[in-house]
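Enquirer: There's a structure below that I have some questions on.
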Amino acid sequence: MQTIDNFNFAGKKAFVRVDFNVPLDENFNITDDTRIRAALPTLKKILGDGGSVIIGSHLGRPKGPTDKFSLKHIKNHVSELLGVEVQFANDYMGEEASVKAAALQPGEVLLLENLRFYAEEEGKPRGLAEDATEEEKAAAKKAIKESQKEFAKKLASYADCYVNDAFGTAHRAHASTALIAEYFGTDDKMFGYLMEKEVKAVNRILNDIQRPFTAIMGGSKVSSKIEIIENLLSKVDNLIIAGGMTYTFTKALGGHIGNSICENDKLDLALELLDKAKAKGVNMVLAVDAKIADKFSNDANTQFVSVKEIPDGWEGLDIGPETEKIFTEVIRNSKTILWNGPTGVFEFDNFTHGSRAVGEAIVEATKNGAFSLVGGGDSVACVNKFGLADGVSYVSTGGGALLEAIEGKTLPGIAAIEE
């Protein structure tokens with residue numbers, strides 16, 4: 001498989017799929033440019049070799065062209081970060097993008113308009129009537145899939161080589177993340193630096209395990225993490241259950257959880273997971289106490305109680321001190337650590353203590369030689385909020401992509417390069 005370090009981009013045009021899906025305020029100012037900065041090493045390598053760059057990205061979830069999600073709003077900032085005046089093409093179903101791409105000289109950069117302005121990028125039909133028949137839906141789906149291939153072919157025609165540096169969209173079989181790679185030879189398609197790091201981190205956490213291996217799984221719903229948990233049960237030594245999922249497991253075990261979040265239709269599933277963990281010799285680590293509140297608010301009245309004895313009218317919003325001790329002891333003694341999901345409602349400052357304790361324990365274990373991977377939007381927000389990001393081995397930029405990789409699924413954007 002080709003690598004970006006071994007490829008000489010001199011005199012070549014590179015189509016680079018990045019993830020510039022950055023947050024914008026009401027005046028279209030970028031409020032967090034982390035994702036743009038993450039792609040800079042790849043873009044600068046290409047330009048430094050004497051190549052030119054065609055940047056493709058999405059922004060938001062538009063249902064068609066709209067000023068709100070136009071990438072023109074980020075063009076100037078990308079120019080500043082790269083130190084190169086970035087050109088912009090607002091229509092690549094027409095001729096503008098083709099003409100500008102063809103005219104690109106070494107060292108120049110062209111930013112394409114939001115790829116998701118076109119239904120062909122995602123391969124999903126738009127504009128179907130609500131009362132469309134199954135036959136009409138099938139015909140529309142077939143037509144858009146054919147158009148998607150032509151769209152990918154057109155994007156590929158702009159460049160001599162293809163670089164995928166958008167791990168955050170690697171789980172999508174979109175035109176610019178998977179289909180486009182078919183139009184480049186094995187030696188002319190590769191991962192960018194960010195994508196390389198993401199793939200290596202995931203492979204290490206799943207296939208190069210130093211034990212004990214501990215996974216901390218948070219989130220509000222067991223149902224949204226079921227496939228991840230089941231896949232991890234065949235890999236980990238310890239599985240810490242945190243966040244809102246805590247209360248579904250607690251109720252399933254006969255505890256009283258007051259008004260805490262709970263999936264009442266998943267109680268049997270929680271018990272099944274506990275049985276599977278026991279059968280596989282996995283230490284399933286559950287909370288024993290909780291910091292509870294009389295309302296969902298940072299200013300709520302609070303107290304610490306047994307997680308199995310939460311009064312009516314109160315709800316668990318974080319783990320308690322005894323649980324912190326249990327969780328952190330397991331983490332500190334681990335050599336491989338995966339963290340996906342906080343222990344509580346960390347957005348409220350009064351309920352950050354558990355998540356901070358977990359993050360600090362991961363940093364401590366990392367200092368002692370453990371490999372730690374933090375992924376998922378909330379966990380990443382946690383380590384950034386607490387200033388701990390530099391203390392862990394790797395912070396993943398991929399939310400859904402990372403979760404699907406952990407589930408053991410093949411990601412189309414990765415497979416398209418590795419094939």
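Labels used: A, B, ... for chains in the order of the structure tokens, numbers from 1 for residues in each chain, and numbers from 1 for ligands as shown.
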Go through region 270-310 of chain A residue by residue and, counting only C-alpha atoms, keep those with an atom at most 12 Å from region 202-226 of chain A; for each kept residue give the shortest atom pair and its distance in Å to one decimal, ordered by chain and increasing number, as CSV.
Expert:
residue,atom,partner,partner_atom,distance
A:Ala270,CA,A:Val222,CA,7.6
A:Leu271,CA,A:Val222,CA,11.4
A:Glu272,CA,A:Ile226,CA,10.9
A:Leu273,CA,A:Ile226,CA,8.7
A:Val282,CA,A:Thr214,CA,9.8
A:Asn283,CA,A:Thr214,CA,9.2
A:Met284,CA,A:Ala215,CA,9.9
A:Val285,CA,A:Ile216,CA,9.2
A:Leu286,CA,A:Ile216,CA,10.5
A:Ala287,CA,A:Gly218,CA,11.7
Enquirer: With only C-alpha atoms as the counted atoms, please give the residues lying no more than 6 Å from region 45-59 of chain A, apart from itself and same-chain residues fewer than 3 positions off, as a ChimeraX atom specification.
Expert: /A:9-21,42,69,106-112,114-116
Enquirer: Residues near region 257-262 of chain A, anyone? I mean within 8 Å using only C-alpha atoms, not counting same-chain ones fewer than 2 positions away, as a VMD selection string.
Expert: chain A and resid 220 to 221 244 to 245 247 to 248 250 to 251 255 264 307 to 317
Enquirer: Tell me which of A:Ala156, A:Val345, A:Ile414, A:Ala381 sits closest to Tyr183 (chain A), counting only C-alpha atoms.
Expert: A:Ala156
Enquirer: State, in Å with one decimal place, the distance from CA of Val380 (chain A) to CA of Val392 (chain A).
Expert: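 Between CA of Val380 (chain A) and CA of Val392 (chain A) the gap is 10.9 Å.
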Enquirer: Could you pull out the residues in region 324-370 of chain A that DSSP calls strand (DSSP E or B) from the backbone, as a list of chain:residue names?
Expert: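 DSSP-assigned strand (DSSP E or B) residues in region 324-370 of chain A: A:Thr336, A:Ile337, A:Leu338, A:Trp339, A:Asn340.
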Enquirer: As a PyMOL selection string, please: every residue in region 4-87 of chain A that a backbone DSSP assignment puts in helix (DSSP H, G or I).
Expert: chain A and resi 34-49+67-69+71-82
